[in-house]
Structures are given as structure tokens and as C-alpha cells.
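Have a look at query.txt below; it lists compact mmCIF, C-alpha atoms.
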# COMPACT_ATOMS: atom_id res chain seq x y z
CA MET A 1 31.74 -68.64 2.79
CA SER A 2 30.48 -65.67 0.80
CA SER A 3 31.48 -65.35 -2.83
CA VAL A 4 33.33 -62.11 -2.02
CA THR A 5 35.62 -63.87 0.47
CA PHE A 6 35.98 -66.67 -2.06
CA TYR A 7 37.32 -64.24 -4.67
CA GLY A 8 39.58 -62.74 -2.02
CA LEU A 9 41.16 -66.16 -1.58
CA LEU A 10 41.45 -66.47 -5.38
CA GLY A 11 43.27 -63.12 -5.40
CA SER A 12 45.70 -64.34 -2.71
CA LEU A 13 46.40 -67.52 -4.69
CA LEU A 14 46.96 -65.53 -7.89
CA VAL A 15 49.47 -63.28 -6.11
CA GLY A 16 51.33 -66.40 -4.91
CA LEU A 17 51.18 -67.99 -8.37
CA GLY A 18 52.42 -64.80 -10.03
CA LEU A 19 55.27 -64.48 -7.54
CA TYR A 20 56.30 -68.07 -8.23
CA GLY A 21 56.26 -67.37 -11.97
CA VAL A 22 58.32 -64.19 -11.57
CA ILE A 23 60.99 -66.19 -9.73
CA VAL A 24 61.15 -69.38 -11.78
CA GLY A 25 59.53 -68.39 -15.09
CA LEU A 26 61.39 -69.49 -18.23
CA GLY A 27 62.63 -66.42 -20.04
CA ALA A 28 61.95 -62.75 -19.46
CA LEU A 29 58.70 -62.65 -21.43
CA ARG A 30 57.24 -65.31 -19.14
CA LYS A 31 58.35 -63.30 -16.13
CA ILE A 32 56.52 -60.25 -17.53
CA LEU A 33 53.35 -62.32 -17.90
CA ALA A 34 53.78 -63.70 -14.39
CA PHE A 35 54.21 -60.17 -13.09
CA ASN A 36 50.89 -59.28 -14.69
CA LEU A 37 49.30 -62.31 -12.99
CA LEU A 38 50.65 -61.02 -9.69
CA GLY A 39 49.22 -57.59 -10.44
CA SER A 40 45.86 -59.05 -11.37
CA GLY A 41 45.76 -60.82 -8.00
CA VAL A 42 46.44 -57.51 -6.25
CA PHE A 43 43.68 -55.83 -8.28
CA LEU A 44 41.33 -58.63 -7.32
CA LEU A 45 42.09 -58.06 -3.61
CA PHE A 46 41.31 -54.38 -4.20
CA GLY A 47 38.05 -55.38 -5.87
CA VAL A 48 37.13 -57.58 -2.93
CA ILE A 49 37.74 -54.70 -0.52
CA ALA A 50 35.62 -52.49 -2.79
CA GLN A 51 32.79 -55.01 -2.86
CA ARG A 52 32.87 -55.40 0.93
CA GLY A 53 32.41 -51.64 1.15
CA ALA A 54 29.21 -51.77 -0.90
CA GLY A 55 26.64 -49.33 0.37
CA ALA A 56 24.61 -46.23 -0.34
CA GLY A 57 23.02 -47.96 -3.32
CA PHE A 58 26.33 -48.77 -5.07
CA GLY A 59 27.47 -52.32 -5.87
CA GLY A 60 30.84 -51.54 -4.33
CA ASP A 61 32.95 -48.76 -2.88
CA PRO A 62 33.68 -46.66 -6.02
CA VAL A 63 37.01 -45.30 -4.73
CA PRO A 64 39.01 -48.58 -4.84
CA GLN A 65 37.17 -49.47 -8.06
CA ALA A 66 38.42 -46.28 -9.71
CA LEU A 67 41.93 -47.04 -8.42
CA VAL A 68 41.84 -50.46 -10.08
CA ILE A 69 40.91 -48.86 -13.42
CA THR A 70 43.86 -46.46 -13.26
CA GLY A 71 46.01 -49.38 -12.09
CA LEU A 72 45.09 -51.50 -15.11
CA VAL A 73 46.05 -48.72 -17.52
CA VAL A 74 49.38 -48.10 -15.76
CA ALA A 75 50.08 -51.86 -15.70
CA PHE A 76 49.68 -51.87 -19.48
CA ALA A 77 52.14 -48.97 -19.82
CA ALA A 78 54.70 -50.72 -17.61
CA THR A 79 54.27 -54.01 -19.49
CA ALA A 80 54.75 -52.21 -22.80
CA LEU A 81 57.98 -50.66 -21.57
CA ALA A 82 59.27 -54.03 -20.36
CA VAL A 83 58.35 -55.72 -23.65
CA GLY A 84 60.00 -52.93 -25.64
CA LEU A 85 63.22 -53.25 -23.62
CA LEU A 86 63.20 -57.00 -24.14
CA VAL A 87 62.68 -56.81 -27.90
CA ARG A 88 65.40 -54.18 -28.31
CA LEU A 89 67.73 -56.25 -26.20
CA GLY A 90 67.18 -59.23 -28.49
CA GLU A 91 67.58 -57.13 -31.63
CA SER A 92 70.60 -55.09 -30.73
CA ALA A 93 72.82 -57.65 -29.09
CA ALA A 94 71.35 -60.92 -30.33
CA LEU A 95 72.11 -61.93 -26.78
CA ASP A 96 70.68 -64.93 -25.07
CA ASP A 97 67.55 -64.31 -23.08
CA VAL A 98 68.12 -62.65 -19.75
CA GLU A 99 67.16 -65.92 -18.10
CA ASP A 100 69.83 -67.19 -15.72
CA ALA A 101 72.75 -68.07 -17.96
CA PRO A 102 73.32 -71.81 -18.22
CA GLU A 103 76.19 -72.30 -15.83
CA GLY A 104 78.88 -74.77 -16.68
CA GLU A 105 78.09 -74.66 -20.38
CA SER A 106 79.63 -71.43 -21.54
CA MET B 1 15.98 -69.51 -4.56
CA SER B 2 18.66 -71.67 -2.99
CA ALA B 3 19.07 -73.52 -6.29
CA ILE B 4 19.93 -70.20 -7.96
CA LEU B 5 22.43 -69.40 -5.23
CA ASP B 6 24.03 -72.82 -5.57
CA LEU B 7 24.29 -72.36 -9.32
CA ALA B 8 25.97 -68.98 -8.78
CA SER B 9 28.51 -70.39 -6.34
CA LEU B 10 29.13 -73.29 -8.72
CA ALA B 11 29.90 -70.70 -11.42
CA ASP B 12 32.26 -68.98 -8.96
CA VAL B 13 34.14 -72.22 -8.36
CA VAL B 14 34.40 -73.02 -12.08
CA LEU B 15 35.62 -69.47 -12.82
CA ALA B 16 38.21 -69.53 -10.06
CA VAL B 17 39.56 -72.99 -10.91
CA THR B 18 39.79 -72.10 -14.61
CA ALA B 19 41.57 -68.84 -13.81
CA LEU B 20 44.08 -70.64 -11.58
CA LEU B 21 44.71 -73.36 -14.17
CA LEU B 22 45.21 -70.71 -16.88
CA GLY B 23 47.63 -68.91 -14.55
CA LEU B 24 49.58 -72.14 -14.10
CA TRP B 25 49.50 -72.66 -17.87
CA VAL B 26 50.89 -69.16 -18.47
CA ILE B 27 53.79 -69.86 -16.12
CA LEU B 28 54.59 -73.47 -16.94
CA THR B 29 53.79 -74.06 -20.63
CA ALA B 30 56.88 -74.55 -22.73
CA ASP B 31 56.12 -72.10 -25.53
CA ALA B 32 55.96 -68.31 -25.05
CA LEU B 33 53.30 -67.95 -27.76
CA ARG B 34 50.99 -70.39 -25.95
CA ALA B 35 51.61 -68.55 -22.69
CA ALA B 36 50.59 -65.26 -24.34
CA ILE B 37 47.37 -66.79 -25.71
CA GLY B 38 46.68 -68.26 -22.26
CA PHE B 39 47.08 -64.81 -20.74
CA LEU B 40 44.64 -63.34 -23.26
CA VAL B 41 41.97 -65.87 -22.25
CA TYR B 42 42.82 -65.30 -18.59
CA GLY B 43 42.12 -61.56 -19.02
CA LEU B 44 38.68 -62.29 -20.46
CA LEU B 45 37.90 -64.65 -17.56
CA MET B 46 38.92 -61.97 -15.10
CA ALA B 47 36.44 -59.62 -16.77
CA ILE B 48 33.68 -62.10 -15.82
CA VAL B 49 35.08 -62.23 -12.28
CA TRP B 50 34.75 -58.44 -12.11
CA ILE B 51 31.10 -58.73 -13.15
CA ARG B 52 30.61 -61.21 -10.29
CA LEU B 53 32.16 -58.60 -7.97
CA ASP B 54 29.64 -55.96 -9.13
CA ALA B 55 32.30 -53.85 -10.82
CA PRO B 56 31.19 -53.50 -14.47
CA ASP B 57 33.47 -50.48 -15.05
CA ILE B 58 36.51 -52.59 -14.15
CA ALA B 59 35.17 -55.54 -16.15
CA LEU B 60 35.09 -53.41 -19.31
CA THR B 61 38.61 -52.11 -18.66
CA GLU B 62 39.94 -55.59 -17.89
CA ALA B 63 38.42 -57.09 -21.05
CA ALA B 64 39.83 -54.31 -23.22
CA ILE B 65 43.24 -53.73 -21.60
CA GLY B 66 44.06 -56.72 -19.40
CA GLY B 67 42.84 -59.26 -21.91
CA GLY B 68 43.01 -57.55 -25.28
CA LEU B 69 45.84 -55.03 -25.39
CA ILE B 70 48.36 -56.75 -23.10
CA GLY B 71 47.60 -60.04 -24.86
CA LEU B 72 48.20 -58.46 -28.27
CA LEU B 73 51.41 -56.80 -27.08
CA VAL B 74 52.84 -60.00 -25.62
CA LEU B 75 51.60 -62.12 -28.54
CA GLY B 76 53.55 -59.91 -30.94
CA ALA B 77 56.60 -59.85 -28.69
CA SER B 78 56.66 -63.64 -28.29
CA THR B 79 57.60 -63.95 -31.96
CA ARG B 80 60.29 -61.27 -31.65
CA VAL B 81 62.29 -62.26 -28.61
CA PRO B 82 64.72 -65.17 -28.86
CA PRO B 83 63.29 -68.38 -27.40
CA ALA B 84 64.02 -69.02 -23.76
CA PRO B 85 66.79 -71.50 -22.99
CA VAL B 86 65.60 -74.98 -22.18
CA ALA B 87 65.45 -75.49 -18.44
CA ARG B 88 67.44 -78.28 -16.92
CA SER B 89 65.07 -78.95 -14.12
CA ALA B 90 67.28 -81.53 -12.46
CA ARG B 91 69.62 -78.84 -11.14
CA ARG B 92 67.01 -76.21 -10.47
CA TRP B 93 64.59 -78.10 -8.30
CA PRO B 94 65.86 -76.69 -4.96
CA LEU B 95 65.30 -73.18 -6.30
CA HIS B 96 61.84 -74.15 -7.52
CA LEU B 97 60.98 -75.65 -4.16
CA LEU B 98 62.20 -72.56 -2.33
CA ALA B 99 60.25 -70.27 -4.67
CA ALA B 100 57.14 -72.40 -4.27
CA LEU B 101 57.41 -72.28 -0.47
CA LEU B 102 57.95 -68.52 -0.49
CA SER B 103 55.01 -67.94 -2.84
CA ALA B 104 52.78 -70.26 -0.81
CA ALA B 105 53.72 -68.33 2.35
CA VAL B 106 52.81 -65.02 0.68
CA ALA B 107 49.52 -66.45 -0.59
CA LEU B 108 48.72 -67.90 2.82
CA GLY B 109 49.49 -64.59 4.52
CA LEU B 110 47.22 -62.71 2.13
CA ALA B 111 44.48 -65.29 2.57
CA THR B 112 44.69 -64.81 6.34
CA VAL B 113 44.33 -61.07 5.84
CA VAL B 114 41.31 -61.62 3.57
CA LEU B 115 39.66 -63.86 6.14
CA SER B 116 40.23 -61.37 8.95
CA LEU B 117 39.15 -58.16 7.18
CA PRO B 118 37.23 -55.87 9.54
CA ASP B 119 33.47 -56.15 9.65
CA PRO B 120 31.68 -53.87 8.84
CA ALA B 121 34.14 -52.91 6.13
CA PRO B 122 35.37 -49.32 5.99
CA SER B 123 33.84 -47.66 2.97
CA LEU B 124 33.72 -44.32 1.22
CA ALA B 125 30.56 -45.28 -0.67
CA ALA B 126 28.31 -43.16 1.58
CA THR B 127 30.60 -40.13 1.23
CA VAL B 128 30.67 -40.52 -2.55
CA ALA B 129 26.87 -40.85 -2.62
CA ALA B 130 26.50 -37.69 -0.54
CA GLU B 131 28.81 -35.64 -2.77
CA LEU B 132 27.72 -37.15 -6.09
CA PRO B 133 25.09 -34.48 -6.96
CA ALA B 134 27.78 -31.77 -6.81
CA THR B 135 29.61 -33.34 -9.76
CA ALA B 136 26.57 -33.58 -12.08
CA VAL B 137 27.83 -37.07 -13.03
CA GLU B 138 25.78 -40.13 -12.15
CA ASN B 139 28.31 -42.95 -12.49
CA PRO B 140 30.11 -42.98 -9.09
CA VAL B 141 33.30 -44.46 -10.57
CA THR B 142 33.47 -41.67 -13.18
CA ALA B 143 32.84 -39.14 -10.42
CA VAL B 144 35.77 -40.53 -8.41
CA LEU B 145 38.02 -40.56 -11.49
CA MET B 146 37.09 -37.08 -12.70
CA ALA B 147 36.24 -35.11 -9.56
CA PHE B 148 37.10 -36.62 -6.16
CA ARG B 149 40.40 -38.20 -7.18
CA ALA B 150 41.00 -36.17 -10.34
CA VAL B 151 44.65 -35.69 -9.40
CA ASP B 152 45.21 -39.48 -9.64
CA THR B 153 43.66 -39.55 -13.09
CA LEU B 154 45.70 -36.53 -14.21
CA PHE B 155 48.98 -38.11 -13.20
CA GLU B 156 47.95 -41.44 -14.60
CA THR B 157 47.57 -39.91 -18.05
CA VAL B 158 50.95 -38.22 -17.54
CA VAL B 159 52.37 -41.67 -16.74
CA LEU B 160 50.94 -42.93 -20.04
CA VAL B 161 52.71 -40.17 -21.98
CA LEU B 162 55.94 -40.80 -20.06
CA ALA B 163 55.68 -44.51 -20.86
CA LEU B 164 55.36 -43.66 -24.56
CA ILE B 165 58.42 -41.39 -24.36
CA ALA B 166 60.42 -44.10 -22.58
CA PHE B 167 59.18 -46.69 -25.10
CA TRP B 168 60.20 -44.53 -28.06
CA SER B 169 63.57 -43.79 -26.50
CA LEU B 170 64.37 -47.42 -27.33
CA ILE B 171 64.31 -46.60 -31.07
CA PRO B 172 67.87 -46.61 -32.43
CA ASP B 173 68.98 -43.34 -34.05
CA ALA B 174 69.28 -44.91 -37.50
CA SER B 175 65.61 -45.91 -37.70
CA TRP B 176 64.14 -42.88 -35.94
CA ARG B 177 62.24 -41.78 -39.07
CA GLN B 178 60.99 -45.25 -40.02
CA PRO B 179 57.34 -46.14 -39.46
CA LEU B 180 56.53 -48.21 -36.37
CA ALA B 181 56.77 -51.78 -37.58
CA TRP B 182 55.46 -54.35 -35.12
CA LEU B 183 51.93 -54.66 -36.43
CA PRO B 184 51.63 -54.73 -40.24
CA LEU B 185 51.52 -58.20 -41.76
CA PRO B 186 53.51 -58.55 -44.98
CA HIS B 187 50.59 -60.26 -46.73
CA PRO B 188 47.32 -59.82 -44.81
CA SER B 189 44.71 -62.33 -45.93
CA PRO B 190 41.63 -60.88 -47.69
CA PRO B 191 39.20 -62.02 -44.93
CA LEU B 192 41.31 -60.18 -42.36
CA VAL B 193 41.27 -57.00 -44.46
CA LEU B 194 37.50 -57.31 -44.84
CA LEU B 195 37.09 -57.87 -41.10
CA ALA B 196 39.18 -54.80 -40.32
CA ARG B 197 37.15 -52.69 -42.77
CA LEU B 198 33.85 -53.90 -41.28
CA LEU B 199 34.91 -53.58 -37.67
CA LEU B 200 36.56 -50.17 -37.94
CA PRO B 201 33.38 -48.02 -38.19
CA LEU B 202 31.45 -50.38 -35.92
CA VAL B 203 33.98 -50.31 -33.08
CA ILE B 204 34.37 -46.54 -33.37
CA LEU B 205 30.61 -46.25 -32.86
CA VAL B 206 30.67 -48.64 -29.89
CA ALA B 207 33.61 -46.76 -28.35
CA LEU B 208 31.89 -43.38 -28.71
CA HIS B 209 28.77 -44.88 -27.14
CA LEU B 210 30.79 -46.29 -24.22
CA PHE B 211 32.45 -42.92 -23.81
CA TRP B 212 29.17 -41.01 -23.85
CA ILE B 213 27.27 -43.24 -21.40
CA GLY B 214 30.29 -43.21 -19.03
CA ALA B 215 28.79 -40.23 -17.20
CA SER B 216 25.82 -42.22 -15.96
CA LEU B 217 26.44 -45.93 -16.73
CA PRO B 218 29.49 -48.23 -16.75
CA GLY B 219 31.93 -47.01 -19.37
CA GLY B 220 34.16 -44.02 -19.88
CA LYS B 221 37.29 -42.77 -21.56
CA PHE B 222 39.67 -45.57 -20.56
CA GLN B 223 37.41 -48.33 -21.82
CA ALA B 224 36.53 -46.40 -24.99
CA GLY B 225 40.15 -45.38 -25.55
CA ALA B 226 41.32 -48.99 -25.23
CA LEU B 227 38.69 -50.09 -27.75
CA LEU B 228 39.76 -47.40 -30.21
CA ALA B 229 43.42 -48.34 -29.76
CA GLY B 230 42.54 -52.00 -30.35
CA VAL B 231 40.66 -51.36 -33.57
CA TRP B 232 43.41 -49.01 -34.76
CA ALA B 233 45.88 -51.83 -34.13
CA LEU B 234 43.67 -54.23 -36.11
CA ALA B 235 43.54 -51.74 -39.00
CA MET B 236 47.34 -51.49 -38.93
CA VAL B 237 47.73 -55.29 -38.82
CA ALA B 238 45.49 -55.65 -41.87
CA GLY B 239 47.15 -52.80 -43.74
CA VAL B 240 43.92 -50.76 -43.83
CA MET B 241 45.78 -47.95 -42.04
CA GLN B 242 49.50 -47.25 -42.18
CA PRO B 243 51.40 -47.00 -38.88
CA PRO B 244 52.89 -43.55 -38.26
CA ALA B 245 56.53 -42.76 -37.59
CA ALA B 246 57.68 -41.52 -34.20
CA THR B 247 58.68 -38.20 -35.77
CA GLN B 248 55.19 -37.27 -37.03
CA ARG B 249 53.75 -34.24 -35.28
CA LEU B 250 50.03 -35.05 -35.25
CA PRO B 251 50.20 -38.29 -33.21
CA ARG B 252 52.56 -36.59 -30.78
CA LEU B 253 50.20 -33.64 -30.35
CA LEU B 254 47.17 -35.90 -29.84
CA ALA B 255 49.10 -37.97 -27.29
CA VAL B 256 49.76 -34.98 -25.02
CA ILE B 257 46.63 -32.88 -25.59
CA GLY B 258 44.62 -34.75 -22.92
CA PRO B 259 46.97 -34.24 -19.97
CA LEU B 260 47.73 -30.66 -21.15
CA VAL B 261 44.06 -29.59 -21.23
CA PHE B 262 43.38 -31.42 -17.96
CA PHE B 263 46.31 -29.66 -16.32
CA ALA B 264 45.30 -26.26 -17.71
CA ILE B 265 41.74 -26.64 -16.39
CA GLY B 266 43.14 -27.82 -13.07
CA LEU B 267 45.36 -24.73 -12.84
CA ALA B 268 42.48 -22.45 -13.81
CA GLY B 269 40.55 -23.99 -10.91
CA ILE B 270 42.99 -22.33 -8.49
CA TRP B 271 41.65 -18.90 -9.49
CA LEU B 272 38.09 -19.75 -10.44
CA ALA B 273 37.16 -22.27 -7.76
CA GLY B 274 39.79 -21.87 -5.08
CA ASP B 275 41.72 -25.09 -5.51
CA PHE B 276 43.83 -27.08 -7.97
CA LEU B 277 41.51 -29.30 -10.04
CA ALA B 278 38.40 -27.79 -8.48
CA TYR B 279 35.65 -27.09 -10.99
CA PRO B 280 33.72 -23.77 -10.85
CA LEU B 281 30.09 -24.11 -9.76
CA GLY B 282 27.60 -24.63 -12.56
CA VAL B 283 30.05 -25.73 -15.27
CA GLU B 284 31.23 -29.01 -13.70
CA LYS B 285 29.49 -31.21 -16.25
CA PRO B 286 30.73 -29.41 -19.42
CA LEU B 287 34.25 -29.20 -18.01
CA ILE B 288 34.28 -32.90 -17.08
CA LEU B 289 32.97 -33.75 -20.56
CA LEU B 290 35.66 -31.64 -22.20
CA ILE B 291 38.42 -33.25 -20.12
CA GLU B 292 37.02 -36.72 -20.78
CA ALA B 293 36.89 -36.03 -24.53
CA VAL B 294 40.52 -34.90 -24.81
CA LEU B 295 41.63 -37.70 -22.47
CA LEU B 296 39.79 -40.19 -24.68
CA VAL B 297 41.81 -38.97 -27.67
CA SER B 298 45.10 -39.10 -25.76
CA VAL B 299 44.46 -42.51 -24.18
CA ALA B 300 43.49 -44.01 -27.54
CA VAL B 301 46.48 -42.50 -29.35
CA VAL B 302 49.05 -43.42 -26.68
CA LEU B 303 47.79 -46.99 -26.34
CA GLY B 304 47.62 -47.37 -30.13
CA LEU B 305 51.13 -45.96 -30.63
CA ILE B 306 52.50 -48.36 -28.00
CA LEU B 307 50.78 -51.27 -29.73
CA ALA B 308 52.25 -50.11 -33.06
CA GLY B 309 55.62 -50.89 -31.47
CA LEU B 310 59.04 -49.81 -32.61
CA PRO B 311 60.59 -49.49 -36.09
CA ASP B 312 62.33 -52.58 -37.35
CA ALA B 313 65.94 -52.09 -36.31
CA ARG B 314 67.32 -55.02 -38.26
CA GLU B 315 66.53 -53.88 -41.81
CA ASP B 316 67.93 -50.42 -41.95
CA ARG B 317 71.38 -50.76 -40.47
CA PRO B 318 73.57 -48.25 -42.34
Write out the structure in this file as C-alpha cells.
Amino acid sequence: MSSVTFYGLLGSLLVGLGLYGVIVGLGALRKILAFNLLGSGVFLLFGVIAQRGAGAGFGGDPVPQALVITGLVVAFAATALAVGLLVRLGESAALDDVEDAPEGES
Amino acid sequence: MSAILDLASLADVVLAVTALLLGLWVILTADALRAAIGFLVYGLLMAIVWIRLDAPDIALTEAAIGGGLIGLLVLGASTRVPPAPVARSARRWPLHLLAALLSAAVALGLATVVLSLPDPAPSLAATVAAELPATAVENPVTAVLMAFRAVDTLFETVVLVLALIAFWSLIPDASWRQPLAWLPLPHPSPPLVLLARLLLPLVILVALHLFWIGASLPGGKFQAGALLAGVWALAMVAGVMQPPAATQRLPRLLAVIGPLVFFAIGLAGIWLAGDFLAYPLGVEKPLILLIEAVLLVSVAVVLGLILAGLPDAREDRP
């Protein structure tokens, strides 16, 4: 198996891992991190497709590579917004985390 | 020769296993702070993965943004959000099992797709190579970002500004004029202050270098802007520079100047070159440099302002 395919499989596993974390992660901050893991897996799949398209003297197809760079910057902006919302939520309401409320206790 | 290949694939396996274990750590470790640190290390590992995939431009971006800036943001936030409730795993295990099955199915599906990708792979590399001389830029990724897919880059920088506006809209009215407060330490240690003072000029030089070589070698405005934002954040943490307030005009102006100039040049292209975001013949290189320079300023300022966070809402309640 070529190393490119190998990293493609790593990307698939990271997407699965991130998805699992988004569903069961403890607390909203963990879910944000897991969402970034998921995104990083998607970027890796993009990178694998770029590398498979290597040609014309380039190490990879530059179009998907450029898309990953813009994607990384936008992912940061989205993460920042989510983190800001979370911090304000904690400050303003002193609420419990938005994790599933403990049933049967309240 | 085969020994070298084996060593390389061994490195691949070690990288992949470490990345997966760090991913598991980020999701399962009990403490949010540890998860954030794990994610920081994960980002740096991914940068090495990008090198292995022959994508040095992405590797630089990943190391600066995926590892550094997101790690810093989440690290700071992990001390600000209330701790997550303790899980009572006994009652949640069916949900966990279901989620694990679903995630495994998604991963398996993607893996099947990866294994059955068409061969030879469709690629725009030849088209980019054929059109590259027209842009007067030698780095193909920069050419895609600034010429062939310039509209993506334009709207991406608009997204950055919109994210900053949305982020700042979370500031409560009462603390609107307060300085942004997430970064400064109350008592920065002298070694940290010294480090910030030493690194500040050095990193600015490195960032300008990265920016300048971006036309022909891996690098460019996003990588350089992220570096500048990072060192600005360090200077604010150490108290070497004071964080601005959201009401100050200069940071606001610098945040929007990049997209504004980019958009203006794009509009001018309708008359001068026949299409939105088309560059007139002969001045492609200076125009691209000008756009890259103002975008560098805007990217650095927006990322830095986001890292600087929000004013402290708890202190100044009327």
C-alpha cells in the first residue's frame, strides 16, 4: 500500500474519531476540539486527493491544496466563534455546561 | 534503497498511530486543559504529515493555525468555561456504543472511497502549470489562491472579518469600551517577558520573510499572518503590548483594509481586464503583491484580535 493511500485511511479514521467525540465528548469545549479533529480528517482526505493528482512537476494538485489552506483559516474563525459563545454562556448565566443535563438529579 | 523506503513507511506508521492516539486522548481525557494541550501537539504532528504528503504550504499553515492558534485559543478557554459534569458511564454506555458504531461506519465508508479512488487521479496540476506563467508567480499554490481561485480567497478574508464581528457581538454593552482581556497575565514572570521581547522582532522578520518568498516558495500571507498574530498574542500575554479595546479605530481599519482593497482591485478588473478579479496584463505581479500585503495585515490583525478575546464581563458589572 502506498503511503498516500495509507494517509487516506488515517484521514478516514480521524473523521470517524472526530464524529465519535462530537457525539459523546464531555462538555462543549471537548466537542469543539472533536469537531476540529473531524475537520482535520477531512482536510487530510483533501490532501490525499491533491497528492494523487501530482503532476506537471508539482508535488500535488495545487487547487485542493489551496482549498485546504483557506479551510484551515476558516476553521479557526469558526472555532473562535464557538469558543467565544461558550465562554460568554458560562460568564453570563453561570449555567452548567451545555452537556446533556444530568437527568434524574435536578 | 529499499531500506530507506522501509524507514519512511515506518515513520508513516509511527506518525499515524501517534496522531490517532492523540486524537483519542483529546476526546477521552478527563481534563479539558489536557485535551487542549493534546490538540496542540496533534496540530504539530499533522504539520509533519503534510510534509509527508508533499504539501509544505499546508504544513506551514497547519503548524501555525491548526496547532498554534487553535491550541492557544482552546487552552485559554479551558480555564474559563465551567468544568464539564462528571459522566456516569454506567447509564450512557448504549449511547456510546451507538455513537461508536455510527462513527466506525462513517470511517469504513470513507476508507472504502479512499481505496477505490479513480486511477489515474483527476488533476488540475497540468492546467495550473500551463497557466502559471500568466500570473508571474512561481508558487502554484499562491497562484491558485491569488489568481485562479481569487474569489475563494476574497470571500475567505470576508469570512474572517465577519467572524470577528460575530465574536465581538458577544461583548456585553457594559464592557464594550474595556480592553480585550483573555490574554494578559496578572503577573508575567520575568523570563516570559524577556522571551516575548526577544521573539517579537525575530518572529516579525521570519513572518516578513515567509510572506516575501510566498510568491515562489512555500509560504504566503496566511502563514505569515498567523505567525504575526501568534507573536502579538505572546506580547499581550507577557504585557509587552497592551491589548486594544473593540472600540479603537485603528485595529478595526486594519482588519477590513485587506478585503476592501482586494474587492476594489477586483471591481477595477471589470473595466481594465474584462472580468471581476481579472488582473490587467503586465501588472499582475505588483497587483498580487499589493493584495497580498494588505491581506497579510488584515489576516494578522483579525487573528490577533480574536486571540485577544473578549473583555472581562465579570469585573465591570454596573
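Among the candidates B:Ala238, B:Leu185, B:Leu205, B:Leu310, the residue lying nearest to Leu81 (chain A) is B:Leu310 (atoms considered: all atoms listed in the file).
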Please return the centre and edge lengths, in Å to one decimal, of a box with edges along x, y and z that contains all listed atoms of region 93-100 of chain B, widened by 3 Å on every side, as JSON.
{"center_x": 61.5, "center_y": -74.2, "center_z": -5.3, "size_x": 14.7, "size_y": 13.8, "size_z": 12.0}
Inset, instruction - Please measure the separation of CA of Leu89 (chain A) and CA of Ser78 (chain B), giving the value in Å to one decimal. - result: 13.5 Å
Legend entry - Exercise: region 140-146 of chain B partners within 10 Å, all atoms listed in the file, chain neighbours under 4 positions left out, as number ranges by chain: A: 58, 60-67, 69-70; B: 55, 57-58, 125, 128-129, 131-136, 150-154, 214-221, 262, 277, 287-289, 291-292
Legend entry - Atom-to-atom span, CA of Ile270 (chain B) and CA of Gly282 (chain B), Å: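 Separation between CA of Ile270 (chain B) and CA of Gly282 (chain B): 16.1 Å.
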Inset, instruction - Kindly give the distance, in Å, that separates CA of Leu14 (chain A) and CA of Ala78 (chain A), rounded to a single decimal. - result: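 Spanning CA of Leu14 (chain A) to CA of Ala78 (chain A) is a straight-line distance of 19.3 Å.
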Inset, instruction - Give the answer as one residue: which of B:Val137, B:Ala32, B:Val113, B:Leu260 has the shortest atom-to-atom distance to Trp212 (chain B), using only C-alpha atoms? - result: B:Val137
Legend entry - Protein/DNA/RNA residues near (43.7, -45.8, -28.2), cut 12 Å, only C-alpha atoms, as a VMD selection string: (chain A and resid 73) or (chain B and resid 64 to 65 69 160 203 to 204 207 221 to 234 251 254 to 255 294 to 308)
Inset, instruction - Find, counting all atoms listed in the file, the residue in A:Gly16, A:Gly59, A:Gly84, A:Gly47 that gets nearest to Ser169 (chain B). - result: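 Going through A:Gly16, A:Gly59, A:Gly84, A:Gly47 one by one, the smallest distance to Ser169 (chain B) is for A:Gly84.
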Inset, instruction - Could you tell me which of A:Ala50, A:Val74, A:Leu37, A:Ala82 comes closest to Val15 (chain A) if we count all atoms listed in the file? - result: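 The closest residue to Val15 (chain A) is A:Leu37.
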Inset, instruction - Just give me the residues with any atom within 8 Å of (55.1, -65.8, -11.5), file coordinates, counting only C-alpha atoms, written as an MDAnalysis selection string. - result: (chainID A and resid 16:25 30:31 33:35 37:38) or (chainID B and resid 27)
Please save C-alpha atoms of the selected residues as an mmCIF file, keeping the file's coordinate frame.
data_model
loop_
_atom_site.group_PDB
_atom_site.id
_atom_site.type_symbol
_atom_site.label_atom_id
_atom_site.label_comp_id
_atom_site.auth_asym_id
_atom_site.auth_seq_id
_atom_site.Cartn_x
_atom_site.Cartn_y
_atom_site.Cartn_z
ATOM 1 C CA GLY A 16 51.330 -66.400 -4.910
ATOM 2 C CA LEU A 17 51.180 -67.990 -8.370
ATOM 3 C CA GLY A 18 52.420 -64.800 -10.030
ATOM 4 C CA LEU A 19 55.270 -64.480 -7.540
ATOM 5 C CA TYR A 20 56.300 -68.070 -8.230
ATOM 6 C CA GLY A 21 56.260 -67.370 -11.970
ATOM 7 C CA VAL A 22 58.320 -64.190 -11.570
ATOM 8 C CA ILE A 23 60.990 -66.190 -9.730
ATOM 9 C CA VAL A 24 61.150 -69.380 -11.780
ATOM 10 C CA GLY A 25 59.530 -68.390 -15.090
ATOM 11 C CA ARG A 30 57.240 -65.310 -19.140
ATOM 12 C CA LYS A 31 58.350 -63.300 -16.130
ATOM 13 C CA LEU A 33 53.350 -62.320 -17.900
ATOM 14 C CA ALA A 34 53.780 -63.700 -14.390
ATOM 15 C CA PHE A 35 54.210 -60.170 -13.090
ATOM 16 C CA LEU A 37 49.300 -62.310 -12.990
ATOM 17 C CA LEU A 38 50.650 -61.020 -9.690
ATOM 18 C CA ILE B 27 53.790 -69.860 -16.120
#
Inset, instruction - Kindly indicate which residue among A:Val42, A:Ser92, A:Leu72, A:Val83 lies nearest to Thr61 (chain B), using all atoms listed in the file for the distances. - result: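 Between A:Val42, A:Ser92, A:Leu72, A:Val83, the residue approaching Thr61 (chain B) most closely is A:Leu72.
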Add whatever atoms are absent from region 180-189 of chain B to reach N, CA and C atoms, and provide the output as a compact mmCIF listing (two decimals), keeping the file's coordinate frame.
# COMPACT_ATOMS: atom_id res chain seq x y z
N LEU B 180 56.56 -47.18 -37.42
CA LEU B 180 56.53 -48.21 -36.37
C LEU B 180 56.13 -49.54 -37.03
N ALA B 181 56.82 -50.61 -36.69
CA ALA B 181 56.77 -51.78 -37.58
C ALA B 181 56.27 -53.08 -36.95
N TRP B 182 55.78 -53.06 -35.72
CA TRP B 182 55.46 -54.35 -35.12
C TRP B 182 54.19 -54.97 -35.69
N LEU B 183 53.25 -54.12 -36.12
CA LEU B 183 51.93 -54.66 -36.43
C LEU B 183 51.70 -55.14 -37.86
N PRO B 184 52.09 -54.36 -38.89
CA PRO B 184 51.63 -54.73 -40.24
C PRO B 184 52.09 -56.12 -40.65
N LEU B 185 51.15 -56.91 -41.20
CA LEU B 185 51.52 -58.20 -41.76
C LEU B 185 52.03 -57.97 -43.17
N PRO B 186 53.02 -58.73 -43.61
CA PRO B 186 53.51 -58.55 -44.98
C PRO B 186 52.42 -58.86 -46.01
N HIS B 187 51.65 -59.92 -45.78
CA HIS B 187 50.59 -60.26 -46.73
C HIS B 187 49.32 -60.57 -45.97
N PRO B 188 48.56 -59.54 -45.55
CA PRO B 188 47.32 -59.82 -44.81
C PRO B 188 46.32 -60.56 -45.70
N SER B 189 45.66 -61.55 -45.13
CA SER B 189 44.71 -62.33 -45.93
C SER B 189 43.47 -61.50 -46.19
